[in-house]
>>> print(open('data28.cif').read())   # mmCIF, N, CA, C and O atoms
data_structure
loop_
_atom_site.label_atom_id
_atom_site.label_comp_id
_atom_site.auth_asym_id
_atom_site.auth_seq_id
_atom_site.Cartn_x
_atom_site.Cartn_y
_atom_site.Cartn_z
N MET A 1 12.49 -16.42 8.83
CA MET A 1 12.09 -16.14 7.47
C MET A 1 12.53 -14.72 7.12
O MET A 1 12.32 -13.79 7.90
N PRO A 2 13.14 -14.54 5.95
CA PRO A 2 13.62 -13.20 5.58
C PRO A 2 12.47 -12.23 5.31
O PRO A 2 11.37 -12.64 4.94
N LYS A 3 12.77 -10.96 5.51
CA LYS A 3 11.81 -9.90 5.24
C LYS A 3 12.18 -9.19 3.95
O LYS A 3 13.36 -9.06 3.64
N ILE A 4 11.16 -8.72 3.25
CA ILE A 4 11.37 -7.84 2.12
C ILE A 4 10.73 -6.52 2.48
O ILE A 4 9.53 -6.46 2.79
N ILE A 5 11.54 -5.48 2.49
CA ILE A 5 11.05 -4.14 2.78
C ILE A 5 10.88 -3.43 1.44
O ILE A 5 11.85 -3.23 0.72
N PHE A 6 9.64 -3.09 1.11
CA PHE A 6 9.36 -2.35 -0.11
C PHE A 6 9.32 -0.87 0.24
O PHE A 6 8.56 -0.46 1.12
N LEU A 7 10.15 -0.09 -0.44
CA LEU A 7 10.13 1.34 -0.24
C LEU A 7 8.83 1.90 -0.81
O LEU A 7 8.23 1.30 -1.71
N PRO A 8 8.37 3.05 -0.30
CA PRO A 8 7.10 3.60 -0.80
C PRO A 8 7.11 3.81 -2.31
O PRO A 8 8.08 4.26 -2.89
N HIS A 9 5.99 3.44 -2.92
CA HIS A 9 5.75 3.66 -4.35
C HIS A 9 4.39 4.33 -4.45
O HIS A 9 3.39 3.81 -3.92
N GLU A 10 4.34 5.43 -5.12
CA GLU A 10 3.14 6.28 -5.19
C GLU A 10 1.85 5.52 -5.49
O GLU A 10 0.82 5.80 -4.90
N GLU A 11 1.88 4.54 -6.38
CA GLU A 11 0.66 3.82 -6.76
C GLU A 11 0.54 2.44 -6.13
O GLU A 11 -0.53 2.04 -5.70
N ILE A 12 1.62 1.70 -6.10
CA ILE A 12 1.55 0.29 -5.70
C ILE A 12 1.50 0.10 -4.19
O ILE A 12 0.71 -0.70 -3.69
N CYS A 13 2.34 0.82 -3.45
CA CYS A 13 2.31 0.75 -1.98
C CYS A 13 2.78 2.09 -1.42
O CYS A 13 3.95 2.23 -1.06
N PRO A 14 1.87 3.06 -1.37
CA PRO A 14 2.24 4.43 -0.97
C PRO A 14 2.92 4.54 0.40
O PRO A 14 3.74 5.43 0.60
N GLU A 15 2.61 3.64 1.30
CA GLU A 15 3.21 3.68 2.63
C GLU A 15 4.47 2.81 2.73
O GLU A 15 5.10 2.75 3.78
N GLY A 16 4.79 2.12 1.66
CA GLY A 16 5.83 1.11 1.74
C GLY A 16 5.25 -0.13 2.39
O GLY A 16 4.07 -0.15 2.77
N ALA A 17 6.03 -1.16 2.54
CA ALA A 17 5.53 -2.40 3.15
C ALA A 17 6.70 -3.25 3.62
O ALA A 17 7.80 -3.18 3.07
N VAL A 18 6.44 -4.04 4.65
CA VAL A 18 7.40 -5.03 5.12
C VAL A 18 6.65 -6.37 5.12
O VAL A 18 5.61 -6.50 5.76
N ILE A 19 7.20 -7.32 4.37
CA ILE A 19 6.56 -8.64 4.28
C ILE A 19 7.58 -9.71 4.58
O ILE A 19 8.78 -9.47 4.52
N GLU A 20 7.09 -10.90 4.92
CA GLU A 20 7.98 -12.05 5.08
C GLU A 20 7.91 -12.87 3.80
O GLU A 20 6.86 -12.95 3.16
N ALA A 21 9.05 -13.44 3.44
CA ALA A 21 9.11 -14.23 2.20
C ALA A 21 9.74 -15.58 2.50
O ALA A 21 10.76 -15.66 3.19
N GLU A 22 9.15 -16.58 1.97
CA GLU A 22 9.69 -17.94 2.10
C GLU A 22 10.93 -18.04 1.22
O GLU A 22 10.89 -17.69 0.04
N PRO A 23 12.07 -18.48 1.77
CA PRO A 23 13.24 -18.69 0.91
C PRO A 23 12.88 -19.62 -0.25
O PRO A 23 12.14 -20.58 -0.08
N GLY A 24 13.37 -19.27 -1.44
CA GLY A 24 13.08 -20.06 -2.62
C GLY A 24 11.96 -19.48 -3.47
O GLY A 24 11.74 -19.93 -4.58
N THR A 25 11.24 -18.49 -2.94
CA THR A 25 10.23 -17.81 -3.74
C THR A 25 10.86 -16.59 -4.39
O THR A 25 11.91 -16.11 -3.96
N THR A 26 10.22 -16.10 -5.41
CA THR A 26 10.75 -14.89 -6.05
C THR A 26 10.19 -13.65 -5.35
O THR A 26 9.17 -13.73 -4.65
N ILE A 27 10.84 -12.54 -5.57
CA ILE A 27 10.36 -11.28 -5.02
C ILE A 27 8.94 -11.01 -5.51
O ILE A 27 8.07 -10.59 -4.74
N CYS A 28 8.68 -11.26 -6.78
CA CYS A 28 7.36 -11.03 -7.36
C CYS A 28 6.30 -11.91 -6.69
O CYS A 28 5.23 -11.43 -6.32
N GLU A 29 6.59 -13.19 -6.53
CA GLU A 29 5.64 -14.10 -5.88
C GLU A 29 5.33 -13.64 -4.46
O GLU A 29 4.17 -13.64 -4.05
N ALA A 30 6.36 -13.26 -3.72
CA ALA A 30 6.16 -12.81 -2.34
C ALA A 30 5.33 -11.53 -2.31
O ALA A 30 4.43 -11.38 -1.47
N ALA A 31 5.60 -10.60 -3.22
CA ALA A 31 4.85 -9.35 -3.27
C ALA A 31 3.38 -9.62 -3.54
O ALA A 31 2.49 -9.14 -2.82
N LEU A 32 3.11 -10.40 -4.58
CA LEU A 32 1.72 -10.68 -4.95
C LEU A 32 0.98 -11.42 -3.84
O LEU A 32 -0.21 -11.15 -3.60
N ALA A 33 1.65 -12.32 -3.14
CA ALA A 33 1.03 -13.06 -2.04
C ALA A 33 0.68 -12.15 -0.87
O ALA A 33 -0.13 -12.52 -0.01
N ASN A 34 1.28 -10.96 -0.85
CA ASN A 34 1.03 -10.01 0.23
C ASN A 34 0.33 -8.74 -0.27
O ASN A 34 0.48 -7.67 0.30
N ASP A 35 -0.43 -8.89 -1.34
CA ASP A 35 -1.26 -7.81 -1.89
C ASP A 35 -0.49 -6.59 -2.36
O ASP A 35 -1.01 -5.47 -2.37
N ILE A 36 0.76 -6.79 -2.75
CA ILE A 36 1.54 -5.74 -3.40
C ILE A 36 1.48 -6.06 -4.89
O ILE A 36 2.11 -6.99 -5.36
N GLU A 37 0.66 -5.32 -5.60
CA GLU A 37 0.30 -5.64 -6.98
C GLU A 37 1.36 -5.16 -7.98
O GLU A 37 1.10 -4.32 -8.83
N ILE A 38 2.53 -5.75 -7.89
CA ILE A 38 3.60 -5.43 -8.82
C ILE A 38 3.20 -5.95 -10.21
O ILE A 38 2.62 -7.02 -10.33
N GLU A 39 3.47 -5.15 -11.24
CA GLU A 39 3.13 -5.58 -12.60
C GLU A 39 3.93 -6.81 -12.98
O GLU A 39 5.09 -6.97 -12.59
N HIS A 40 3.31 -7.66 -13.76
CA HIS A 40 3.98 -8.87 -14.27
C HIS A 40 3.25 -9.31 -15.53
O HIS A 40 2.60 -10.33 -15.59
N ALA A 41 3.37 -8.48 -16.57
CA ALA A 41 2.61 -8.65 -17.80
C ALA A 41 2.83 -10.00 -18.48
O ALA A 41 1.94 -10.53 -19.13
N CYS A 42 4.00 -10.59 -18.34
CA CYS A 42 4.28 -11.86 -19.00
C CYS A 42 3.98 -13.06 -18.10
O CYS A 42 4.37 -14.18 -18.41
N GLU A 43 3.28 -12.79 -17.00
CA GLU A 43 2.94 -13.85 -16.05
C GLU A 43 4.18 -14.55 -15.48
O GLU A 43 4.19 -15.76 -15.31
N MET A 44 5.22 -13.76 -15.25
CA MET A 44 6.44 -14.21 -14.59
C MET A 44 7.23 -15.24 -15.41
O MET A 44 7.83 -16.14 -14.86
N SER A 45 7.24 -15.06 -16.73
CA SER A 45 7.95 -16.01 -17.59
C SER A 45 9.26 -15.45 -18.14
O SER A 45 9.83 -16.04 -19.06
N CYS A 46 9.72 -14.33 -17.61
CA CYS A 46 10.97 -13.70 -18.04
C CYS A 46 10.90 -13.32 -19.52
O CYS A 46 11.80 -13.62 -20.29
N ALA A 47 9.79 -12.64 -19.88
CA ALA A 47 9.61 -12.23 -21.27
C ALA A 47 9.35 -10.74 -21.40
O ALA A 47 9.13 -10.26 -22.50
N CYS A 48 9.37 -10.00 -20.29
CA CYS A 48 9.16 -8.55 -20.35
C CYS A 48 9.94 -7.91 -19.20
O CYS A 48 10.70 -8.59 -18.53
N THR A 49 9.72 -6.63 -18.97
CA THR A 49 10.45 -5.96 -17.88
C THR A 49 9.49 -5.26 -16.91
O THR A 49 9.92 -4.43 -16.11
N THR A 50 8.21 -5.61 -16.93
CA THR A 50 7.25 -4.88 -16.11
C THR A 50 7.43 -5.11 -14.61
O THR A 50 6.97 -4.30 -13.80
N CYS A 51 8.10 -6.17 -14.22
CA CYS A 51 8.31 -6.44 -12.79
C CYS A 51 9.69 -5.99 -12.31
O CYS A 51 10.14 -6.39 -11.23
N HIS A 52 10.33 -5.13 -13.08
CA HIS A 52 11.66 -4.62 -12.74
C HIS A 52 11.66 -3.96 -11.36
O HIS A 52 10.78 -3.17 -11.04
N VAL A 53 12.63 -4.32 -10.54
CA VAL A 53 12.84 -3.69 -9.23
C VAL A 53 14.32 -3.37 -9.06
O VAL A 53 15.16 -3.90 -9.77
N ILE A 54 14.60 -2.51 -8.10
CA ILE A 54 15.98 -2.20 -7.73
C ILE A 54 16.17 -2.69 -6.31
O ILE A 54 15.42 -2.30 -5.41
N VAL A 55 17.13 -3.56 -6.12
CA VAL A 55 17.39 -4.14 -4.80
C VAL A 55 18.42 -3.26 -4.09
O VAL A 55 19.61 -3.30 -4.41
N ARG A 56 17.96 -2.46 -3.16
CA ARG A 56 18.81 -1.50 -2.46
C ARG A 56 19.68 -2.15 -1.38
O ARG A 56 20.77 -1.67 -1.08
N GLU A 57 19.20 -3.23 -0.78
CA GLU A 57 19.99 -3.97 0.21
C GLU A 57 19.71 -5.46 0.05
O GLU A 57 18.58 -5.86 -0.19
N GLY A 58 20.75 -6.27 0.18
CA GLY A 58 20.62 -7.72 0.10
C GLY A 58 20.79 -8.29 -1.30
O GLY A 58 20.57 -9.49 -1.50
N TYR A 59 21.21 -7.48 -2.24
CA TYR A 59 21.34 -7.91 -3.64
C TYR A 59 22.19 -9.17 -3.78
O TYR A 59 21.84 -10.08 -4.52
N ASP A 60 23.29 -9.24 -3.07
CA ASP A 60 24.22 -10.36 -3.22
C ASP A 60 23.67 -11.69 -2.71
O ASP A 60 24.22 -12.75 -3.02
N SER A 61 22.57 -11.66 -1.94
CA SER A 61 21.99 -12.91 -1.46
C SER A 61 21.07 -13.56 -2.49
O SER A 61 20.69 -14.71 -2.34
N LEU A 62 20.73 -12.84 -3.54
CA LEU A 62 19.84 -13.37 -4.58
C LEU A 62 20.59 -14.32 -5.51
O LEU A 62 21.81 -14.27 -5.61
N ASN A 63 19.83 -15.15 -6.21
CA ASN A 63 20.42 -16.03 -7.22
C ASN A 63 21.07 -15.19 -8.32
O ASN A 63 20.77 -14.01 -8.45
N GLU A 64 21.94 -15.81 -9.09
CA GLU A 64 22.62 -15.08 -10.17
C GLU A 64 21.67 -14.81 -11.32
O GLU A 64 20.73 -15.58 -11.57
N LEU A 65 21.94 -13.73 -12.04
CA LEU A 65 21.15 -13.39 -13.22
C LEU A 65 21.40 -14.39 -14.32
O LEU A 65 22.54 -14.80 -14.53
N SER A 66 20.35 -14.76 -15.02
CA SER A 66 20.53 -15.58 -16.22
C SER A 66 20.86 -14.63 -17.37
O SER A 66 20.63 -13.42 -17.29
N GLU A 67 21.37 -15.17 -18.44
CA GLU A 67 21.68 -14.36 -19.62
C GLU A 67 20.40 -13.72 -20.17
O GLU A 67 20.39 -12.57 -20.58
N GLU A 68 19.32 -14.47 -20.14
CA GLU A 68 18.03 -13.98 -20.62
C GLU A 68 17.55 -12.77 -19.80
O GLU A 68 17.11 -11.76 -20.34
N GLU A 69 17.64 -12.88 -18.47
CA GLU A 69 17.24 -11.77 -17.60
C GLU A 69 18.12 -10.55 -17.85
O GLU A 69 17.63 -9.43 -17.93
N GLU A 70 19.41 -10.78 -17.97
CA GLU A 70 20.35 -9.69 -18.22
C GLU A 70 20.01 -8.94 -19.52
O GLU A 70 20.01 -7.71 -19.56
N ASP A 71 19.70 -9.69 -20.57
CA ASP A 71 19.33 -9.08 -21.85
C ASP A 71 18.05 -8.25 -21.73
O ASP A 71 17.96 -7.15 -22.26
N LEU A 72 17.06 -8.77 -21.01
CA LEU A 72 15.81 -8.03 -20.84
C LEU A 72 16.00 -6.78 -20.01
O LEU A 72 15.42 -5.73 -20.29
N LEU A 73 16.81 -6.87 -18.97
CA LEU A 73 17.04 -5.71 -18.10
C LEU A 73 17.59 -4.51 -18.87
O LEU A 73 17.32 -3.37 -18.50
N ASP A 74 18.33 -4.77 -19.93
CA ASP A 74 18.84 -3.68 -20.75
C ASP A 74 17.73 -2.80 -21.30
O ASP A 74 17.96 -1.64 -21.65
N LYS A 75 16.51 -3.33 -21.36
CA LYS A 75 15.36 -2.59 -21.90
C LYS A 75 14.51 -1.94 -20.81
O LYS A 75 13.53 -1.25 -21.11
N ALA A 76 14.84 -2.16 -19.55
CA ALA A 76 14.02 -1.65 -18.44
C ALA A 76 14.22 -0.16 -18.23
O ALA A 76 15.32 0.37 -18.39
N TRP A 77 13.14 0.51 -17.83
CA TRP A 77 13.21 1.93 -17.51
C TRP A 77 13.94 2.10 -16.18
O TRP A 77 13.68 1.38 -15.22
N GLY A 78 14.87 3.04 -16.10
CA GLY A 78 15.55 3.34 -14.85
C GLY A 78 16.53 2.28 -14.39
O GLY A 78 16.75 2.10 -13.19
N LEU A 79 17.14 1.59 -15.32
CA LEU A 79 18.07 0.51 -15.00
C LEU A 79 19.22 1.00 -14.11
O LEU A 79 19.78 2.06 -14.34
N GLU A 80 19.54 0.22 -13.09
CA GLU A 80 20.67 0.49 -12.20
C GLU A 80 21.47 -0.80 -12.01
O GLU A 80 21.01 -1.88 -12.38
N ALA A 81 22.62 -0.68 -11.41
CA ALA A 81 23.49 -1.85 -11.22
C ALA A 81 22.82 -2.94 -10.38
O ALA A 81 23.08 -4.12 -10.55
N GLU A 82 21.91 -2.55 -9.48
CA GLU A 82 21.23 -3.51 -8.60
C GLU A 82 19.84 -3.86 -9.11
O GLU A 82 18.99 -4.31 -8.34
N SER A 83 19.58 -3.65 -10.40
CA SER A 83 18.27 -3.98 -10.97
C SER A 83 18.12 -5.48 -11.15
O SER A 83 19.08 -6.17 -11.47
N ARG A 84 16.88 -5.95 -10.95
CA ARG A 84 16.52 -7.34 -11.20
C ARG A 84 15.09 -7.38 -11.71
O ARG A 84 14.30 -6.47 -11.44
N LEU A 85 14.75 -8.44 -12.40
CA LEU A 85 13.36 -8.73 -12.68
C LEU A 85 12.85 -9.48 -11.46
O LEU A 85 13.40 -10.53 -11.10
N SER A 86 11.83 -8.96 -10.82
CA SER A 86 11.39 -9.57 -9.57
C SER A 86 10.85 -10.98 -9.76
O SER A 86 10.85 -11.77 -8.82
N CYS A 87 10.43 -11.32 -10.98
CA CYS A 87 9.95 -12.69 -11.23
C CYS A 87 11.08 -13.69 -11.33
O CYS A 87 10.86 -14.91 -11.30
N GLN A 88 12.32 -13.21 -11.43
CA GLN A 88 13.49 -14.09 -11.56
C GLN A 88 14.39 -14.05 -10.33
O GLN A 88 15.26 -14.90 -10.17
N ALA A 89 14.22 -13.06 -9.47
CA ALA A 89 15.08 -12.87 -8.29
C ALA A 89 14.57 -13.73 -7.14
O ALA A 89 13.53 -13.44 -6.53
N VAL A 90 15.29 -14.79 -6.84
CA VAL A 90 14.87 -15.75 -5.82
C VAL A 90 15.44 -15.35 -4.45
O VAL A 90 16.65 -15.15 -4.30
N VAL A 91 14.54 -15.27 -3.48
CA VAL A 91 14.89 -14.88 -2.11
C VAL A 91 15.66 -16.01 -1.45
O VAL A 91 15.30 -17.18 -1.58
N ASP A 92 16.72 -15.64 -0.71
CA ASP A 92 17.48 -16.62 0.06
C ASP A 92 17.14 -16.40 1.53
O ASP A 92 15.98 -16.29 1.89
N ASP A 93 18.13 -16.26 2.40
CA ASP A 93 17.86 -16.12 3.83
C ASP A 93 18.18 -14.74 4.37
O ASP A 93 18.16 -14.52 5.58
N GLU A 94 18.47 -13.78 3.49
CA GLU A 94 18.83 -12.44 3.92
C GLU A 94 17.68 -11.47 3.64
O GLU A 94 16.98 -11.58 2.64
N ASP A 95 17.49 -10.50 4.55
CA ASP A 95 16.48 -9.47 4.34
C ASP A 95 16.84 -8.62 3.12
O ASP A 95 18.02 -8.45 2.80
N LEU A 96 15.82 -8.09 2.46
CA LEU A 96 16.00 -7.28 1.26
C LEU A 96 15.30 -5.94 1.42
O LEU A 96 14.27 -5.85 2.08
N VAL A 97 15.86 -4.92 0.81
CA VAL A 97 15.19 -3.63 0.67
C VAL A 97 15.03 -3.42 -0.83
O VAL A 97 16.01 -3.44 -1.57
N VAL A 98 13.77 -3.24 -1.25
CA VAL A 98 13.45 -3.21 -2.67
C VAL A 98 12.72 -1.92 -3.03
O VAL A 98 11.81 -1.49 -2.31
N GLU A 99 13.12 -1.35 -4.15
CA GLU A 99 12.44 -0.18 -4.69
C GLU A 99 11.78 -0.56 -6.00
O GLU A 99 12.41 -1.17 -6.88
N ILE A 100 10.51 -0.24 -6.13
CA ILE A 100 9.80 -0.44 -7.39
C ILE A 100 9.92 0.87 -8.16
O ILE A 100 9.50 1.92 -7.67
N PRO A 101 10.51 0.85 -9.36
CA PRO A 101 10.68 2.09 -10.11
C PRO A 101 9.34 2.79 -10.38
O PRO A 101 8.29 2.16 -10.45
N LYS A 102 9.42 4.09 -10.54
CA LYS A 102 8.22 4.90 -10.76
C LYS A 102 7.50 4.51 -12.05
O LYS A 102 6.29 4.53 -12.13
N TYR A 103 8.26 4.16 -13.08
CA TYR A 103 7.68 3.83 -14.37
C TYR A 103 8.07 2.43 -14.79
O TYR A 103 9.08 1.89 -14.32
N THR A 104 7.28 1.88 -15.69
CA THR A 104 7.59 0.59 -16.29
C THR A 104 7.24 0.67 -17.77
O THR A 104 6.43 1.51 -18.17
N ILE A 105 7.83 -0.18 -18.54
CA ILE A 105 7.52 -0.24 -19.97
C ILE A 105 6.53 -1.39 -20.16
O ILE A 105 6.89 -2.55 -20.07
N ASN A 106 5.25 -1.02 -20.34
CA ASN A 106 4.21 -1.99 -20.56
C ASN A 106 3.36 -1.53 -21.73
O ASN A 106 2.45 -0.74 -21.57
N TYR A 107 3.70 -2.02 -22.90
CA TYR A 107 3.02 -1.56 -24.12
C TYR A 107 1.54 -1.89 -24.11
O TYR A 107 0.74 -1.12 -24.62
N ALA A 108 1.14 -3.00 -23.53
CA ALA A 108 -0.28 -3.35 -23.48
C ALA A 108 -1.06 -2.35 -22.64
O ALA A 108 -2.16 -1.96 -22.97
N LYS A 109 -0.48 -1.94 -21.54
CA LYS A 109 -1.15 -1.01 -20.63
C LYS A 109 -1.15 0.42 -21.21
O LYS A 109 -2.06 1.19 -20.95
N GLU A 110 -0.13 0.74 -21.98
CA GLU A 110 0.00 2.10 -22.51
C GLU A 110 -0.77 2.30 -23.82
O GLU A 110 -0.81 3.39 -24.35
N ASN A 111 -1.39 1.21 -24.31
CA ASN A 111 -2.12 1.23 -25.60
C ASN A 111 -1.15 1.33 -26.74
O ASN A 111 -1.06 2.09 -27.55
#
>>> encode(input="data28.cif", output="structure tokens")
Amino acid sequence: MPKIIFLPHEEICPEGAVIEAEPGTTICEAALANDIEIEHACEMSCACTTCHVIVREGYDSLNELSEEEEDLLDKAWGLEAESRLSCQAVVDDEDLVVEIPKYTINYAKEN
């Protein structure tokens, strides 16, 4: 089973984390199942960017971006070439190294 290595994030996982993920699940689903409380304001329906992550290693093993995901990513804070919405990025059989950006755009949370 592939591993997802989450780099340290000041609020969500200060020590970082290493979890196992079932192939076919999304990064977001795997994180939440392992008590890594990544934001997902739209309940993983590909309607916001709160679950934005940067895949530092293993990016090419993920499923391809949909046009909808690509359009939303343009609005994400800290966008990089290896950015994905974790609710849409499906784990295959390769280990991943993932960074959760320091900030997210969540209008509901920001008032």
>>> closest_residue(input="data28.cif", among="A:Leu85, A:Glu15, A:Ala33, A:Ser61", to="Ala47 in chain A", atoms="only C-alpha atoms")
A:Leu85
>>> closest_residue(input="data28.cif", among="A:Asp71, A:Pro101, A:Val91, A:Thr49", to="Glu10 in chain A", atoms="all atoms listed in the file")
A:Pro101
>>> residues_around(input="data28.cif", residues="range 35-41 of chain A", least_positions_apart="5", cutoff="8 Å", atoms="all atoms listed in the file", output="compact mmCIF listing (two decimals) with N, CA, C and O atoms, keeping the file's coordinate frame")
# COMPACT_ATOMS: atom_id res chain seq x y z
N GLU A 11 1.88 4.54 -6.38
CA GLU A 11 0.66 3.82 -6.76
C GLU A 11 0.54 2.44 -6.13
O GLU A 11 -0.53 2.04 -5.70
N ILE A 12 1.62 1.70 -6.10
CA ILE A 12 1.55 0.29 -5.70
C ILE A 12 1.50 0.10 -4.19
O ILE A 12 0.71 -0.70 -3.69
N CYS A 13 2.34 0.82 -3.45
CA CYS A 13 2.31 0.75 -1.98
C CYS A 13 2.78 2.09 -1.42
O CYS A 13 3.95 2.23 -1.06
N ILE A 27 10.84 -12.54 -5.57
CA ILE A 27 10.36 -11.28 -5.02
C ILE A 27 8.94 -11.01 -5.51
O ILE A 27 8.07 -10.59 -4.74
N CYS A 28 8.68 -11.26 -6.78
CA CYS A 28 7.36 -11.03 -7.36
C CYS A 28 6.30 -11.91 -6.69
O CYS A 28 5.23 -11.43 -6.32
N GLU A 29 6.59 -13.19 -6.53
CA GLU A 29 5.64 -14.10 -5.88
C GLU A 29 5.33 -13.64 -4.46
O GLU A 29 4.17 -13.64 -4.05
N ALA A 30 6.36 -13.26 -3.72
CA ALA A 30 6.16 -12.81 -2.34
C ALA A 30 5.33 -11.53 -2.31
O ALA A 30 4.43 -11.38 -1.47
N ALA A 47 9.79 -12.64 -19.88
CA ALA A 47 9.61 -12.23 -21.27
C ALA A 47 9.35 -10.74 -21.40
O ALA A 47 9.13 -10.26 -22.50
N CYS A 48 9.37 -10.00 -20.29
CA CYS A 48 9.16 -8.55 -20.35
C CYS A 48 9.94 -7.91 -19.20
O CYS A 48 10.70 -8.59 -18.53
N THR A 49 9.72 -6.63 -18.97
CA THR A 49 10.45 -5.96 -17.88
C THR A 49 9.49 -5.26 -16.91
O THR A 49 9.92 -4.43 -16.11
N THR A 50 8.21 -5.61 -16.93
CA THR A 50 7.25 -4.88 -16.11
C THR A 50 7.43 -5.11 -14.61
O THR A 50 6.97 -4.30 -13.80
N CYS A 51 8.10 -6.17 -14.22
CA CYS A 51 8.31 -6.44 -12.79
C CYS A 51 9.69 -5.99 -12.31
O CYS A 51 10.14 -6.39 -11.23
N HIS A 52 10.33 -5.13 -13.08
CA HIS A 52 11.66 -4.62 -12.74
C HIS A 52 11.66 -3.96 -11.36
O HIS A 52 10.78 -3.17 -11.04
N SER A 86 11.83 -8.96 -10.82
CA SER A 86 11.39 -9.57 -9.57
C SER A 86 10.85 -10.98 -9.76
O SER A 86 10.85 -11.77 -8.82
N CYS A 87 10.43 -11.32 -10.98
CA CYS A 87 9.95 -12.69 -11.23
C CYS A 87 11.08 -13.69 -11.33
O CYS A 87 10.86 -14.91 -11.30
N ILE A 105 7.83 -0.18 -18.54
CA ILE A 105 7.52 -0.24 -19.97
C ILE A 105 6.53 -1.39 -20.16
O ILE A 105 6.89 -2.55 -20.07
N ASN A 106 5.25 -1.02 -20.34
CA ASN A 106 4.21 -1.99 -20.56
C ASN A 106 3.36 -1.53 -21.73
O ASN A 106 2.45 -0.74 -21.57
>>> resolve_selection(input="data28.cif", expression="the PyMOL selection byres (((chain A and resi 89 and name CA) around 12) and name CA)", output="PyMOL selection string")
chain A and resi 23-31+44+46+51-55+58-66+69-70+82-88+90-92+96+98
>>> atom_distance(input="data28.cif", atom1="CA of Glu20 in chain A", atom2="atom C of Ile100 in chain A")
18.6 Å
>>> resolve_selection(input="data28.cif", expression="the PyMOL selection byres ((chain A and resi 95) around 5)", output="list in words")
Pro2, Lys3, Glu57, Gly58, Asp93, Glu94, Leu96 and Val97 of chain A
>>> write_last_selection(input="data28.cif", atoms="N, CA, C and O atoms", output="PDB file, in the coordinates of the input")
ATOM      1  N   PRO A   2      13.140 -14.540   5.950  1.00  0.00           N
ATOM      2  CA  PRO A   2      13.620 -13.200   5.580  1.00  0.00           C
ATOM      3  C   PRO A   2      12.470 -12.230   5.310  1.00  0.00           C
ATOM      4  O   PRO A   2      11.370 -12.640   4.940  1.00  0.00           O
ATOM      5  N   LYS A   3      12.770 -10.960   5.510  1.00  0.00           N
ATOM      6  CA  LYS A   3      11.810  -9.900   5.240  1.00  0.00           C
ATOM      7  C   LYS A   3      12.180  -9.190   3.950  1.00  0.00           C
ATOM      8  O   LYS A   3      13.360  -9.060   3.640  1.00  0.00           O
ATOM      9  N   GLU A  57      19.200  -3.230  -0.780  1.00  0.00           N
ATOM     10  CA  GLU A  57      19.990  -3.970   0.210  1.00  0.00           C
ATOM     11  C   GLU A  57      19.710  -5.460   0.050  1.00  0.00           C
ATOM     12  O   GLU A  57      18.580  -5.860  -0.190  1.00  0.00           O
ATOM     13  N   GLY A  58      20.750  -6.270   0.180  1.00  0.00           N
ATOM     14  CA  GLY A  58      20.620  -7.720   0.100  1.00  0.00           C
ATOM     15  C   GLY A  58      20.790  -8.290  -1.300  1.00  0.00           C
ATOM     16  O   GLY A  58      20.570  -9.490  -1.500  1.00  0.00           O
ATOM     17  N   ASP A  93      18.130 -16.260   2.400  1.00  0.00           N
ATOM     18  CA  ASP A  93      17.860 -16.120   3.830  1.00  0.00           C
ATOM     19  C   ASP A  93      18.180 -14.740   4.370  1.00  0.00           C
ATOM     20  O   ASP A  93      18.160 -14.520   5.580  1.00  0.00           O
ATOM     21  N   GLU A  94      18.470 -13.780   3.490  1.00  0.00           N
ATOM     22  CA  GLU A  94      18.830 -12.440   3.920  1.00  0.00           C
ATOM     23  C   GLU A  94      17.680 -11.470   3.640  1.00  0.00           C
ATOM     24  O   GLU A  94      16.980 -11.580   2.640  1.00  0.00           O
ATOM     25  N   LEU A  96      15.820  -8.090   2.460  1.00  0.00           N
ATOM     26  CA  LEU A  96      16.000  -7.280   1.260  1.00  0.00           C
ATOM     27  C   LEU A  96      15.300  -5.940   1.420  1.00  0.00           C
ATOM     28  O   LEU A  96      14.270  -5.850   2.080  1.00  0.00           O
ATOM     29  N   VAL A  97      15.860  -4.920   0.810  1.00  0.00           N
ATOM     30  CA  VAL A  97      15.190  -3.630   0.670  1.00  0.00           C
ATOM     31  C   VAL A  97      15.030  -3.420  -0.830  1.00  0.00           C
ATOM     32  O   VAL A  97      16.010  -3.440  -1.570  1.00  0.00           O
TER      33      VAL A  97
END
>>> atom_distance(input="data28.cif", atom1="CA of Trp77 in chain A", atom2="atom O of Pro14 in chain A")
20.7 Å
>>> atom_distance(input="data28.cif", atom1="CA of Cys42 in chain A", atom2="atom O of Leu72 in chain A")
12.8 Å
>>> select_by_dssp(input="data28.cif", residues="chain A", states="helix (DSSP H, G or I)", output="JSON, numbers by chain")
{"A": [27, 28, 29, 30, 31, 32, 33, 59, 60, 61, 67, 68, 69, 70, 71, 72, 73, 107, 108, 109, 110]}
>>> closest_residue(input="data28.cif", among="A:Ala81, A:Leu32, A:Leu73, A:Ile19", to="Arg56 in chain A", atoms="only C-alpha atoms")
A:Ala81
>>> select_by_dssp(input="data28.cif", residues="range 22-55 of chain A", states="strand (DSSP E or B)", output="MDAnalysis selection string")
chainID A and resid 26 52:55
